[in-house]
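Shown next: input_17.cif, containing mmCIF, C-alpha atoms.
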data_work
loop_
_atom_site.group_PDB
_atom_site.id
_atom_site.type_symbol
_atom_site.label_atom_id
_atom_site.label_comp_id
_atom_site.auth_asym_id
_atom_site.auth_seq_id
_atom_site.Cartn_x
_atom_site.Cartn_y
_atom_site.Cartn_z
ATOM 1 C CA MET U 1 18.169 19.724 -23.644
ATOM 2 C CA ALA U 2 19.091 17.496 -20.697
ATOM 3 C CA LYS U 3 16.735 14.825 -19.470
ATOM 4 C CA ASN U 4 15.457 14.892 -15.904
ATOM 5 C CA LYS U 5 17.070 11.716 -14.597
ATOM 6 C CA LEU U 6 16.587 10.525 -11.026
ATOM 7 C CA LYS U 7 18.935 8.249 -9.135
ATOM 8 C CA ILE U 8 15.988 6.820 -7.207
ATOM 9 C CA LYS U 9 13.590 4.529 -9.064
ATOM 10 C CA LYS U 10 10.356 2.656 -8.426
ATOM 11 C CA GLY U 11 10.916 -0.192 -5.962
ATOM 12 C CA ASP U 12 13.960 1.368 -4.259
ATOM 13 C CA THR U 13 14.073 1.621 -0.483
ATOM 14 C CA VAL U 14 14.458 5.172 0.815
ATOM 15 C CA LYS U 15 14.735 6.923 4.181
ATOM 16 C CA VAL U 16 12.900 10.225 4.758
ATOM 17 C CA ILE U 17 15.403 12.826 5.982
ATOM 18 C CA ALA U 18 13.077 15.860 6.287
ATOM 19 C CA GLY U 19 9.455 16.632 7.091
ATOM 20 C CA ASP U 20 6.777 15.142 9.337
ATOM 21 C CA ASP U 21 7.728 11.545 8.471
ATOM 22 C CA LYS U 22 11.454 12.030 9.159
ATOM 23 C CA GLY U 23 13.211 8.749 9.944
ATOM 24 C CA LYS U 24 10.734 6.452 8.162
ATOM 25 C CA VAL U 25 12.140 3.809 5.816
ATOM 26 C CA ALA U 26 9.803 2.819 2.972
ATOM 27 C CA THR U 27 9.542 1.730 -0.673
ATOM 28 C CA VAL U 28 9.073 4.055 -3.655
ATOM 29 C CA ILE U 29 5.714 3.485 -5.389
ATOM 30 C CA LYS U 30 6.228 5.921 -8.272
ATOM 31 C CA ALA U 31 8.966 8.297 -9.482
ATOM 32 C CA MET U 32 8.088 11.515 -11.339
ATOM 33 C CA PRO U 33 11.268 12.924 -12.953
ATOM 34 C CA LYS U 34 9.666 16.019 -14.519
ATOM 35 C CA THR U 35 8.567 17.385 -11.141
ATOM 36 C CA ARG U 36 11.442 15.708 -9.205
ATOM 37 C CA GLN U 37 8.961 14.052 -6.830
ATOM 38 C CA LEU U 38 8.322 10.557 -5.491
ATOM 39 C CA LEU U 39 5.349 8.655 -4.123
ATOM 40 C CA VAL U 40 6.595 6.743 -1.090
ATOM 41 C CA GLU U 41 4.556 4.023 0.626
ATOM 42 C CA GLY U 42 3.063 5.267 3.911
ATOM 43 C CA VAL U 43 4.754 8.693 3.776
ATOM 44 C CA LYS U 44 2.899 12.043 3.595
ATOM 45 C CA VAL U 45 -0.509 10.386 3.780
ATOM 46 C CA ALA U 46 -3.449 12.779 3.273
ATOM 47 C CA LYS U 47 -7.155 12.317 3.883
ATOM 48 C CA LYS U 48 -9.111 12.947 0.666
ATOM 49 C CA ALA U 49 -12.908 13.413 0.553
ATOM 50 C CA ILE U 50 -14.869 11.250 -1.911
ATOM 51 C CA LYS U 51 -18.283 12.400 -3.120
ATOM 52 C CA PRO U 52 -21.112 9.870 -3.258
ATOM 53 C CA SER U 53 -21.635 8.419 -6.753
ATOM 54 C CA ASP U 54 -23.313 5.471 -8.480
ATOM 55 C CA LYS U 55 -20.306 3.218 -7.732
ATOM 56 C CA ASN U 56 -19.796 4.500 -4.194
ATOM 57 C CA GLN U 57 -23.171 5.279 -2.575
ATOM 58 C CA GLU U 58 -21.676 6.213 0.798
ATOM 59 C CA GLY U 59 -18.875 8.580 -0.225
ATOM 60 C CA GLY U 60 -16.531 9.243 2.694
ATOM 61 C CA PHE U 61 -12.769 9.588 3.004
ATOM 62 C CA ASP U 62 -9.749 7.928 1.396
ATOM 63 C CA MET U 63 -6.176 7.939 2.723
ATOM 64 C CA ARG U 64 -3.677 8.580 -0.115
ATOM 65 C CA GLU U 65 0.070 9.087 -0.365
ATOM 66 C CA MET U 66 1.010 12.521 -1.663
ATOM 67 C CA PRO U 67 4.189 13.302 -3.635
ATOM 68 C CA ILE U 68 7.340 14.165 -1.679
ATOM 69 C CA ASP U 69 10.297 16.090 -3.090
ATOM 70 C CA ILE U 70 13.338 13.977 -3.966
ATOM 71 C CA SER U 71 15.566 16.230 -1.821
ATOM 72 C CA ASN U 72 13.735 15.021 1.306
ATOM 73 C CA VAL U 73 14.725 11.362 0.887
ATOM 74 C CA LYS U 74 17.939 9.349 0.872
ATOM 75 C CA LYS U 75 18.420 6.018 -0.880
ATOM 76 C CA VAL U 76 19.090 3.137 1.539
ATOM 77 C CA GLU U 77 21.516 0.453 0.404
ATOM 78 C CA GLU U 78 20.307 -3.065 1.137
#

Starting from the coordinates I provided, produce the structure as structure tokens.
Amino acid sequence: MAKNKLKIKKGDTVKVIAGDDKGKVATVIKAMPKTRQLLVEGVKVAKKAIKPSDKNQEGGFDMREMPIDISNVKKVEE
């Protein structure tokens, strides 16, 4: 059984080549080889609702990066 190995790792600089954030250059926060996805800083940001709780009385919204497929990015050589 072959391992799912990615050529892009955490900390690498990548350029988005497809999607809404096309053209952005950013750093990889997390690589997920099993699903072939990456978390890229400032790319595919979604607004998530947070329910009020004991820690957070107000609740509200949180902006989070969502995973992007590895085929939509290209590694940038520095």

Evaluate the PyMOL selection byres ((chain U and resi 69-76) around 12) on the structure here and hand back the selected residues as number ranges by chain. U: 5-28, 30-40, 43-44, 66-68, 77-78

Suppose you want the space between CA of Lys48 in chain U and CA of Arg64 in chain U; what is it in Å?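 The value is 7.0 Å.
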
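For the pair CA of Asp62 in chain U and CA of Ile29 in chain U, the interatomic distance is 17.5 Å.
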
Excluding same-chain residues fewer than 2 positions from Phe61 in chain U, what lies within 9 Å of it counting all atoms listed in the file, as a list of chain:residue names?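 Counting only the stated atoms, we get U:Lys47, U:Lys48, U:Ala49, U:Ile50, U:Lys51, U:Gly59, U:Met63.
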
Listed atoms of range 12-15 of chain U boxed axis-aligned with 3 Å per side, centre + edges as lines of an AutoDock Vina configuration file:
center_x = 14.3
center_y = 4.1
center_z = 0.0
size_x = 6.8
size_y = 11.6
size_z = 14.4

Output range 32-51 of chain U with N, CA and C atoms present, as a PDB file, in the frame of the given file.
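Produced file result.pdb, reproduced below:
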ATOM      1  N   MET U  32       8.528  10.531 -10.348  1.00  0.00           N
ATOM      2  CA  MET U  32       8.088  11.515 -11.339  1.00  0.00           C
ATOM      3  C   MET U  32       9.251  12.464 -11.641  1.00  0.00           C
ATOM      4  N   PRO U  33      10.067  12.135 -12.663  1.00  0.00           N
ATOM      5  CA  PRO U  33      11.268  12.924 -12.953  1.00  0.00           C
ATOM      6  C   PRO U  33      11.006  14.377 -13.352  1.00  0.00           C
ATOM      7  N   LYS U  34       9.925  14.649 -14.067  1.00  0.00           N
ATOM      8  CA  LYS U  34       9.666  16.019 -14.519  1.00  0.00           C
ATOM      9  C   LYS U  34       9.471  16.984 -13.357  1.00  0.00           C
ATOM     10  N   THR U  35       8.800  16.522 -12.303  1.00  0.00           N
ATOM     11  CA  THR U  35       8.567  17.385 -11.141  1.00  0.00           C
ATOM     12  C   THR U  35       9.552  17.106 -10.006  1.00  0.00           C
ATOM     13  N   ARG U  36      10.443  16.134 -10.207  1.00  0.00           N
ATOM     14  CA  ARG U  36      11.442  15.708  -9.205  1.00  0.00           C
ATOM     15  C   ARG U  36      10.770  15.299  -7.887  1.00  0.00           C
ATOM     16  N   GLN U  37       9.697  14.507  -8.006  1.00  0.00           N
ATOM     17  CA  GLN U  37       8.961  14.052  -6.830  1.00  0.00           C
ATOM     18  C   GLN U  37       8.810  12.539  -6.849  1.00  0.00           C
ATOM     19  N   LEU U  38       8.518  11.993  -5.666  1.00  0.00           N
ATOM     20  CA  LEU U  38       8.322  10.557  -5.491  1.00  0.00           C
ATOM     21  C   LEU U  38       7.046  10.298  -4.709  1.00  0.00           C
ATOM     22  N   LEU U  39       6.417   9.157  -4.972  1.00  0.00           N
ATOM     23  CA  LEU U  39       5.349   8.655  -4.123  1.00  0.00           C
ATOM     24  C   LEU U  39       5.982   7.550  -3.292  1.00  0.00           C
ATOM     25  N   VAL U  40       5.969   7.703  -1.987  1.00  0.00           N
ATOM     26  CA  VAL U  40       6.595   6.743  -1.090  1.00  0.00           C
ATOM     27  C   VAL U  40       5.518   6.108  -0.219  1.00  0.00           C
ATOM     28  N   GLU U  41       5.566   4.795  -0.102  1.00  0.00           N
ATOM     29  CA  GLU U  41       4.556   4.023   0.626  1.00  0.00           C
ATOM     30  C   GLU U  41       4.476   4.439   2.091  1.00  0.00           C
ATOM     31  N   GLY U  42       3.297   4.915   2.514  1.00  0.00           N
ATOM     32  CA  GLY U  42       3.063   5.267   3.911  1.00  0.00           C
ATOM     33  C   GLY U  42       3.651   6.587   4.359  1.00  0.00           C
ATOM     34  N   VAL U  43       4.149   7.407   3.435  1.00  0.00           N
ATOM     35  CA  VAL U  43       4.754   8.693   3.776  1.00  0.00           C
ATOM     36  C   VAL U  43       3.900   9.814   3.196  1.00  0.00           C
ATOM     37  N   LYS U  44       3.704  10.876   3.976  1.00  0.00           N
ATOM     38  CA  LYS U  44       2.899  12.043   3.595  1.00  0.00           C
ATOM     39  C   LYS U  44       1.501  11.604   3.160  1.00  0.00           C
ATOM     40  N   VAL U  45       0.834  10.894   4.047  1.00  0.00           N
ATOM     41  CA  VAL U  45      -0.509  10.386   3.780  1.00  0.00           C
ATOM     42  C   VAL U  45      -1.520  11.494   4.085  1.00  0.00           C
ATOM     43  N   ALA U  46      -2.431  11.738   3.123  1.00  0.00           N
ATOM     44  CA  ALA U  46      -3.449  12.779   3.273  1.00  0.00           C
ATOM     45  C   ALA U  46      -4.832  12.158   3.181  1.00  0.00           C
ATOM     46  N   LYS U  47      -5.766  12.767   3.880  1.00  0.00           N
ATOM     47  CA  LYS U  47      -7.155  12.317   3.883  1.00  0.00           C
ATOM     48  C   LYS U  47      -7.898  13.064   2.787  1.00  0.00           C
ATOM     49  N   LYS U  48      -8.404  12.340   1.793  1.00  0.00           N
ATOM     50  CA  LYS U  48      -9.111  12.947   0.666  1.00  0.00           C
ATOM     51  C   LYS U  48     -10.598  12.615   0.744  1.00  0.00           C
ATOM     52  N   ALA U  49     -11.458  13.609   0.535  1.00  0.00           N
ATOM     53  CA  ALA U  49     -12.908  13.413   0.553  1.00  0.00           C
ATOM     54  C   ALA U  49     -13.357  12.818  -0.781  1.00  0.00           C
ATOM     55  N   ILE U  50     -14.309  11.870  -0.712  1.00  0.00           N
ATOM     56  CA  ILE U  50     -14.869  11.250  -1.911  1.00  0.00           C
ATOM     57  C   ILE U  50     -16.364  11.518  -1.911  1.00  0.00           C
ATOM     58  N   LYS U  51     -16.856  12.105  -3.004  1.00  0.00           N
ATOM     59  CA  LYS U  51     -18.283  12.400  -3.120  1.00  0.00           C
ATOM     60  C   LYS U  51     -19.064  11.119  -3.398  1.00  0.00           C
TER      61      LYS U  51
END
